[in-house]
$ cat target_37.txt   # compact mmCIF, N, CA and C atoms
# COMPACT_ATOMS: atom_id res chain seq x y z
N MET R 1 -7.16 25.25 -15.00
CA MET R 1 -6.58 25.12 -13.69
C MET R 1 -5.19 24.49 -13.74
N LEU R 2 -4.99 23.49 -14.57
CA LEU R 2 -3.71 22.81 -14.62
C LEU R 2 -2.59 23.69 -15.15
N GLU R 3 -2.92 24.75 -15.86
CA GLU R 3 -1.89 25.60 -16.43
C GLU R 3 -1.02 26.24 -15.36
N LYS R 4 -1.56 26.48 -14.17
CA LYS R 4 -0.78 27.16 -13.14
C LYS R 4 0.22 26.24 -12.43
N TYR R 5 0.14 24.93 -12.66
CA TYR R 5 1.07 23.99 -12.05
C TYR R 5 2.19 23.66 -13.02
N ALA R 6 3.41 23.61 -12.51
CA ALA R 6 4.57 23.31 -13.35
C ALA R 6 4.51 21.88 -13.87
N ASP R 7 4.08 20.95 -13.03
CA ASP R 7 3.94 19.56 -13.45
C ASP R 7 2.97 18.84 -12.51
N VAL R 8 2.68 17.61 -12.82
CA VAL R 8 1.71 16.83 -12.06
C VAL R 8 2.12 16.68 -10.59
N PHE R 9 3.41 16.70 -10.29
CA PHE R 9 3.87 16.51 -8.93
C PHE R 9 3.55 17.70 -8.03
N ASP R 10 3.33 18.86 -8.62
CA ASP R 10 2.92 20.02 -7.83
C ASP R 10 1.53 19.80 -7.22
N ILE R 11 0.73 18.96 -7.82
CA ILE R 11 -0.63 18.71 -7.36
C ILE R 11 -0.70 17.53 -6.39
N PHE R 12 -0.09 16.41 -6.76
CA PHE R 12 -0.29 15.16 -6.03
C PHE R 12 0.84 14.74 -5.10
N ALA R 13 2.01 15.31 -5.25
CA ALA R 13 3.16 14.88 -4.44
C ALA R 13 3.04 15.44 -3.02
N THR R 14 2.66 14.59 -2.08
CA THR R 14 2.48 15.02 -0.69
C THR R 14 3.24 14.15 0.30
N THR R 15 3.97 13.16 -0.19
CA THR R 15 4.67 12.23 0.68
C THR R 15 6.18 12.38 0.50
N ASP R 16 6.88 12.64 1.60
CA ASP R 16 8.33 12.76 1.56
C ASP R 16 8.97 11.41 1.88
N ALA R 17 10.04 11.09 1.17
CA ALA R 17 10.75 9.84 1.38
C ALA R 17 12.26 10.09 1.38
N LYS R 18 12.96 9.37 2.26
CA LYS R 18 14.42 9.37 2.24
C LYS R 18 14.86 8.18 1.40
N ILE R 19 15.86 8.39 0.57
CA ILE R 19 16.44 7.32 -0.25
C ILE R 19 17.69 6.84 0.46
N VAL R 20 17.75 5.54 0.81
CA VAL R 20 18.90 5.01 1.53
C VAL R 20 19.39 3.71 0.90
N VAL R 21 20.65 3.39 1.18
CA VAL R 21 21.25 2.12 0.77
C VAL R 21 21.95 1.50 1.97
N LYS R 22 22.11 0.20 1.93
CA LYS R 22 22.89 -0.50 2.95
C LYS R 22 24.36 -0.43 2.55
N GLU R 23 25.24 -0.22 3.54
CA GLU R 23 26.68 -0.29 3.27
C GLU R 23 27.40 -0.78 4.52
N ASP R 24 28.68 -1.03 4.40
CA ASP R 24 29.49 -1.56 5.50
C ASP R 24 28.87 -2.83 6.07
N TYR R 25 28.45 -3.73 5.19
CA TYR R 25 27.80 -4.96 5.62
C TYR R 25 28.81 -5.90 6.26
N ASP R 26 28.49 -6.41 7.44
CA ASP R 26 29.33 -7.36 8.16
C ASP R 26 28.64 -8.72 8.10
N ASP R 27 29.17 -9.63 7.26
CA ASP R 27 28.58 -10.96 7.09
C ASP R 27 28.54 -11.74 8.40
N TYR R 28 29.58 -11.63 9.19
CA TYR R 28 29.67 -12.39 10.43
C TYR R 28 28.60 -11.93 11.43
N GLU R 29 28.47 -10.63 11.60
CA GLU R 29 27.50 -10.08 12.56
C GLU R 29 26.12 -9.91 11.96
N GLY R 30 26.04 -9.89 10.62
CA GLY R 30 24.77 -9.64 9.96
C GLY R 30 24.28 -8.22 10.14
N THR R 31 25.22 -7.28 10.22
CA THR R 31 24.86 -5.88 10.44
C THR R 31 25.32 -5.02 9.27
N TYR R 32 24.81 -3.83 9.22
CA TYR R 32 25.15 -2.88 8.17
C TYR R 32 24.78 -1.48 8.66
N THR R 33 25.25 -0.49 7.94
CA THR R 33 24.84 0.88 8.20
C THR R 33 23.97 1.33 7.04
N LEU R 34 23.21 2.38 7.27
CA LEU R 34 22.38 2.95 6.21
C LEU R 34 22.98 4.29 5.81
N LYS R 35 23.13 4.48 4.51
CA LYS R 35 23.63 5.74 3.98
C LYS R 35 22.50 6.43 3.24
N GLU R 36 22.22 7.67 3.62
CA GLU R 36 21.17 8.42 2.95
C GLU R 36 21.73 9.04 1.67
N LEU R 37 21.03 8.80 0.56
CA LEU R 37 21.45 9.32 -0.74
C LEU R 37 20.73 10.60 -1.12
N GLY R 38 19.63 10.87 -0.45
CA GLY R 38 18.85 12.06 -0.78
C GLY R 38 17.41 11.88 -0.37
N GLY R 39 16.59 12.74 -0.90
CA GLY R 39 15.17 12.69 -0.60
C GLY R 39 14.36 12.97 -1.84
N VAL R 40 13.10 12.55 -1.79
CA VAL R 40 12.20 12.75 -2.91
C VAL R 40 10.78 12.91 -2.37
N THR R 41 9.98 13.66 -3.06
CA THR R 41 8.58 13.83 -2.70
C THR R 41 7.74 13.24 -3.82
N GLY R 42 6.70 12.50 -3.43
CA GLY R 42 5.87 11.85 -4.44
C GLY R 42 4.48 11.54 -3.94
N ASP R 43 3.79 10.73 -4.70
CA ASP R 43 2.42 10.32 -4.40
C ASP R 43 2.44 8.83 -4.07
N LEU R 44 2.18 8.48 -2.81
CA LEU R 44 2.19 7.09 -2.34
C LEU R 44 0.78 6.52 -2.43
N GLN R 45 0.66 5.34 -3.05
CA GLN R 45 -0.64 4.70 -3.21
C GLN R 45 -0.56 3.22 -2.87
N PRO R 46 -1.67 2.64 -2.40
CA PRO R 46 -1.71 1.18 -2.19
C PRO R 46 -1.54 0.47 -3.53
N TYR R 47 -0.91 -0.68 -3.48
CA TYR R 47 -0.68 -1.46 -4.70
C TYR R 47 -0.31 -2.86 -4.26
N GLY R 48 -0.68 -3.86 -5.00
CA GLY R 48 -0.41 -5.23 -4.57
C GLY R 48 0.41 -6.02 -5.56
N GLY R 49 0.97 -7.11 -5.05
CA GLY R 49 1.76 -7.99 -5.87
C GLY R 49 0.98 -8.60 -7.02
N GLU R 50 -0.31 -8.83 -6.81
CA GLU R 50 -1.15 -9.39 -7.89
C GLU R 50 -1.28 -8.38 -9.03
N LEU R 51 -1.43 -7.10 -8.70
CA LEU R 51 -1.46 -6.07 -9.74
C LEU R 51 -0.11 -5.99 -10.46
N LEU R 52 0.97 -6.08 -9.71
CA LEU R 52 2.30 -6.05 -10.31
C LEU R 52 2.46 -7.20 -11.30
N LYS R 53 1.94 -8.35 -10.94
CA LYS R 53 2.01 -9.51 -11.82
C LYS R 53 1.16 -9.31 -13.07
N ASN R 54 -0.07 -8.80 -12.87
CA ASN R 54 -0.97 -8.61 -14.00
C ASN R 54 -0.52 -7.49 -14.93
N GLU R 55 -0.03 -6.38 -14.37
CA GLU R 55 0.31 -5.22 -15.19
C GLU R 55 1.73 -5.27 -15.77
N TYR R 56 2.67 -5.92 -15.04
CA TYR R 56 4.06 -5.92 -15.48
C TYR R 56 4.64 -7.32 -15.70
N GLY R 57 3.87 -8.34 -15.33
CA GLY R 57 4.36 -9.70 -15.49
C GLY R 57 5.43 -10.08 -14.48
N LEU R 58 5.48 -9.39 -13.34
CA LEU R 58 6.51 -9.63 -12.33
C LEU R 58 5.90 -10.28 -11.09
N ALA R 59 6.48 -11.36 -10.63
CA ALA R 59 6.02 -12.05 -9.41
C ALA R 59 6.90 -11.62 -8.25
N ARG R 60 6.54 -10.50 -7.62
CA ARG R 60 7.30 -9.96 -6.49
C ARG R 60 6.34 -9.45 -5.44
N GLU R 61 6.80 -9.45 -4.19
CA GLU R 61 6.01 -8.86 -3.11
C GLU R 61 5.97 -7.35 -3.31
N CYS R 62 4.81 -6.77 -3.07
CA CYS R 62 4.65 -5.34 -3.29
C CYS R 62 3.40 -4.88 -2.55
N GLN R 63 3.50 -3.79 -1.78
CA GLN R 63 2.33 -3.26 -1.08
C GLN R 63 1.97 -1.84 -1.50
N LYS R 64 2.93 -1.11 -2.06
CA LYS R 64 2.71 0.29 -2.40
C LYS R 64 3.37 0.61 -3.73
N ARG R 65 2.90 1.70 -4.32
CA ARG R 65 3.62 2.29 -5.46
C ARG R 65 3.75 3.77 -5.17
N PHE R 66 4.80 4.35 -5.72
CA PHE R 66 5.19 5.72 -5.41
C PHE R 66 5.48 6.43 -6.72
N PHE R 67 4.69 7.44 -7.05
CA PHE R 67 4.90 8.24 -8.25
C PHE R 67 5.78 9.43 -7.87
N CYS R 68 6.89 9.62 -8.58
CA CYS R 68 7.80 10.71 -8.24
C CYS R 68 8.58 11.16 -9.47
N LYS R 69 9.26 12.29 -9.32
CA LYS R 69 10.14 12.77 -10.38
C LYS R 69 11.32 11.82 -10.52
N ARG R 70 11.96 11.87 -11.66
CA ARG R 70 13.14 11.03 -11.89
C ARG R 70 14.25 11.42 -10.91
N ASP R 71 14.92 10.40 -10.40
CA ASP R 71 16.06 10.60 -9.50
C ASP R 71 17.00 9.42 -9.75
N ASP R 72 18.23 9.70 -10.12
CA ASP R 72 19.19 8.64 -10.44
C ASP R 72 19.46 7.71 -9.27
N ASN R 73 19.17 8.15 -8.04
CA ASN R 73 19.39 7.31 -6.86
C ASN R 73 18.31 6.25 -6.68
N ILE R 74 17.19 6.40 -7.35
CA ILE R 74 16.09 5.44 -7.20
C ILE R 74 16.25 4.33 -8.23
N LYS R 75 16.52 3.14 -7.73
CA LYS R 75 16.66 1.95 -8.59
C LYS R 75 16.37 0.72 -7.74
N GLU R 76 16.18 -0.41 -8.38
CA GLU R 76 15.89 -1.64 -7.65
C GLU R 76 16.98 -1.91 -6.62
N GLY R 77 16.53 -2.30 -5.41
CA GLY R 77 17.47 -2.66 -4.37
C GLY R 77 17.78 -1.56 -3.37
N VAL R 78 17.45 -0.30 -3.69
CA VAL R 78 17.60 0.76 -2.69
C VAL R 78 16.33 0.79 -1.85
N TYR R 79 16.33 1.63 -0.83
CA TYR R 79 15.21 1.68 0.10
C TYR R 79 14.67 3.10 0.20
N LEU R 80 13.36 3.18 0.37
CA LEU R 80 12.72 4.46 0.68
C LEU R 80 12.17 4.36 2.09
N ILE R 81 12.45 5.36 2.89
CA ILE R 81 11.90 5.41 4.25
C ILE R 81 10.86 6.53 4.27
N ILE R 82 9.63 6.12 4.57
CA ILE R 82 8.49 7.04 4.56
C ILE R 82 7.82 6.95 5.92
N ASP R 83 7.81 8.04 6.67
CA ASP R 83 7.16 8.07 7.99
C ASP R 83 7.59 6.89 8.86
N ASP R 84 8.89 6.65 8.98
CA ASP R 84 9.44 5.57 9.81
C ASP R 84 9.11 4.16 9.31
N THR R 85 8.57 4.03 8.11
CA THR R 85 8.33 2.72 7.50
C THR R 85 9.31 2.57 6.35
N SER R 86 9.97 1.41 6.28
CA SER R 86 10.99 1.16 5.26
C SER R 86 10.43 0.29 4.15
N PHE R 87 10.77 0.66 2.93
CA PHE R 87 10.34 -0.08 1.75
C PHE R 87 11.54 -0.34 0.86
N GLU R 88 11.62 -1.56 0.33
CA GLU R 88 12.62 -1.85 -0.68
C GLU R 88 12.02 -1.56 -2.05
N VAL R 89 12.80 -0.95 -2.91
CA VAL R 89 12.37 -0.71 -4.28
C VAL R 89 12.51 -2.02 -5.04
N VAL R 90 11.37 -2.57 -5.51
CA VAL R 90 11.40 -3.85 -6.22
C VAL R 90 11.29 -3.70 -7.73
N TYR R 91 10.83 -2.52 -8.18
CA TYR R 91 10.75 -2.28 -9.62
C TYR R 91 10.56 -0.79 -9.85
N VAL R 92 11.17 -0.27 -10.91
CA VAL R 92 11.02 1.13 -11.29
C VAL R 92 10.60 1.18 -12.75
N ASP R 93 9.48 1.86 -13.00
CA ASP R 93 8.98 2.03 -14.36
C ASP R 93 9.03 3.52 -14.69
N GLU R 94 9.57 3.86 -15.85
CA GLU R 94 9.60 5.26 -16.27
C GLU R 94 8.33 5.57 -17.05
N TRP R 95 7.79 6.76 -16.81
CA TRP R 95 6.66 7.24 -17.59
C TRP R 95 6.93 8.70 -17.93
N ASP R 96 6.04 9.34 -18.63
CA ASP R 96 6.28 10.70 -19.15
C ASP R 96 6.80 11.67 -18.09
N ALA R 97 6.16 11.70 -16.93
CA ALA R 97 6.48 12.71 -15.93
C ALA R 97 7.53 12.28 -14.92
N GLY R 98 7.87 11.01 -14.86
CA GLY R 98 8.84 10.57 -13.86
C GLY R 98 8.88 9.06 -13.71
N TYR R 99 8.86 8.61 -12.46
CA TYR R 99 8.95 7.18 -12.14
C TYR R 99 7.69 6.70 -11.45
N ILE R 100 7.39 5.43 -11.67
CA ILE R 100 6.45 4.68 -10.84
C ILE R 100 7.31 3.65 -10.13
N VAL R 101 7.41 3.76 -8.81
CA VAL R 101 8.31 2.93 -8.03
C VAL R 101 7.48 1.94 -7.22
N MET R 102 7.70 0.64 -7.43
CA MET R 102 6.98 -0.39 -6.71
C MET R 102 7.75 -0.72 -5.43
N LEU R 103 7.03 -0.77 -4.30
CA LEU R 103 7.67 -0.88 -2.99
C LEU R 103 7.18 -2.08 -2.20
N ASN R 104 8.11 -2.74 -1.52
CA ASN R 104 7.82 -3.85 -0.63
C ASN R 104 8.27 -3.45 0.79
N GLU R 105 7.35 -3.50 1.74
CA GLU R 105 7.69 -3.11 3.12
C GLU R 105 8.67 -4.12 3.72
N VAL R 106 9.73 -3.59 4.35
CA VAL R 106 10.78 -4.41 4.96
C VAL R 106 11.19 -3.81 6.30
N ASP R 107 11.87 -4.62 7.12
CA ASP R 107 12.46 -4.13 8.35
C ASP R 107 13.94 -3.89 8.11
N LEU R 108 14.39 -2.68 8.41
CA LEU R 108 15.81 -2.35 8.31
C LEU R 108 16.34 -2.20 9.73
N ASN R 109 17.50 -2.81 10.01
CA ASN R 109 18.05 -2.72 11.37
C ASN R 109 19.30 -1.85 11.43
N GLY R 110 19.55 -1.09 10.38
CA GLY R 110 20.75 -0.27 10.35
C GLY R 110 20.59 1.03 11.09
$ encode --input "target_37.txt" --output "structure tokens"
Amino acid sequence: MLEKYADVFDIFATTDAKIVVKEDYDDYEGTYTLKELGGVTGDLQPYGGELLKNEYGLARECQKRFFCKRDDNIKEGVYLIIDDTSFEVVYVDEWDAGYIVMLNEVDLNG
């Protein structure tokens, strides 16, 4: 059955995300704009900070992980917007098929 799929993402990738960054930050007003860098489709799963600490040795807030193809725009500090929910990328791990992206839910006002 797996032979007919080009890669693992053809089977499990069902979640679309916009990749955005903050720019034009105004320190005085505390405002910024959001610039969209692109989009990616992946597999979104629940994940916790305790697992992040146990598996990667990182003490960071984290509620989700996102498996996706490699994309140069995905790195720590950028944001993924999924179904009107914003997540900051707190860690990116490379594996054979792509990235495992650890996400922390945040409020963006841009």
$ select_by_dssp --input "target_37.txt" --residues "chain R" --states "alpha helix (DSSP H)" --output "PyMOL selection string"
chain R and resi 9-12+49-56
$ atom_distance --input "target_37.txt" --atom1 "atom N of Gly48 in chain R" --atom2 "atom C of Gly30 in chain R"
29.5 Å
$ closest_residue --input "target_37.txt" --among "R:Asp24, R:Tyr56, R:Lys75, R:Ile19" --to "Gly39 in chain R" --atoms "only N, CA and C atoms"
R:Ile19
$ atom_distance --input "target_37.txt" --atom1 "atom C of Asp43 in chain R" --atom2 "atom C of Gly77 in chain R"
18.5 Å
$ closest_residue --input "target_37.txt" --among "R:Val21, R:Phe87, R:Ala97, R:Gly38" --to "Lys69 in chain R" --atoms "all atoms listed in the file"
R:Ala97
$ select_by_dssp --input "target_37.txt" --residues "chain R" --states "strand (DSSP E)" --output "PyMOL selection string"
chain R and resi 15-26+31-46+64-68+79-82+85-95+98-106
$ residues_around --input "target_37.txt" --residues "range 103-108 of chain R" --least-positions-apart "4" --cutoff "6 Å" --atoms "all atoms listed in the file" --output "list in words"
Glu61, Cys62, Gln63, Lys64, Arg65, Phe66, Ser86, Phe87, Glu88, Val89, Val90 and Tyr91 of chain R
$ residues_near_point --input "target_37.txt" --point "(7.5, 9.5, 2.8)" --cutoff "6 Å" --atoms "all atoms listed in the file" --output "tab-separated table (two decimals) with N, CA and C atoms, in the coordinates of the input"
chain	number	residue	atom	x	y	z
R	15	THR	N	3.97	13.16	-0.19
R	15	THR	CA	4.67	12.23	0.68
R	15	THR	C	6.18	12.38	0.50
R	16	ASP	N	6.88	12.64	1.60
R	16	ASP	CA	8.33	12.76	1.56
R	16	ASP	C	8.97	11.41	1.88
R	17	ALA	N	10.04	11.09	1.17
R	17	ALA	CA	10.75	9.84	1.38
R	17	ALA	C	12.26	10.09	1.38
R	18	LYS	N	12.96	9.37	2.26
R	18	LYS	CA	14.42	9.37	2.24
R	18	LYS	C	14.86	8.18	1.40
R	81	ILE	N	12.45	5.36	2.89
R	81	ILE	CA	11.90	5.41	4.25
R	81	ILE	C	10.86	6.53	4.27
R	82	ILE	N	9.63	6.12	4.57
R	82	ILE	CA	8.49	7.04	4.56
R	82	ILE	C	7.82	6.95	5.92
R	83	ASP	N	7.81	8.04	6.67
R	83	ASP	CA	7.16	8.07	7.99
R	83	ASP	C	7.59	6.89	8.86
$ residues_near_point --input "target_37.txt" --point "(12.4, 6.4, -12.2)" --cutoff "8 Å" --atoms "all atoms listed in the file" --output "ChimeraX atom specification"
/R:68-72,74-75,91-95,98-101
$ residues_around --input "target_37.txt" --residues "Leu34 in chain R" --least-positions-apart "5" --cutoff "7 Å" --atoms "all atoms listed in the file" --output "PyMOL selection string"
chain R and resi 20-23+110
$ atom_distance --input "target_37.txt" --atom1 "atom N of Val78 in chain R" --atom2 "atom C of Tyr32 in chain R"
14.4 Å
$ closest_residue --input "target_37.txt" --among "R:Thr14, R:Asn73, R:Ala59, R:Asp26" --to "Leu44 in chain R" --atoms "all atoms listed in the file"
R:Thr14
$ residues_around --input "target_37.txt" --residues "Leu58 in chain R" --least-positions-apart "5" --cutoff "7 Å" --atoms "only N, CA and C atoms" --output "ChimeraX atom specification"
/R:49,52-53
$ closest_residue --input "target_37.txt" --among "R:Met102, R:Glu76, R:Asn109, R:Ala13" --to "Thr41 in chain R" --atoms "only N, CA and C atoms"
R:Ala13
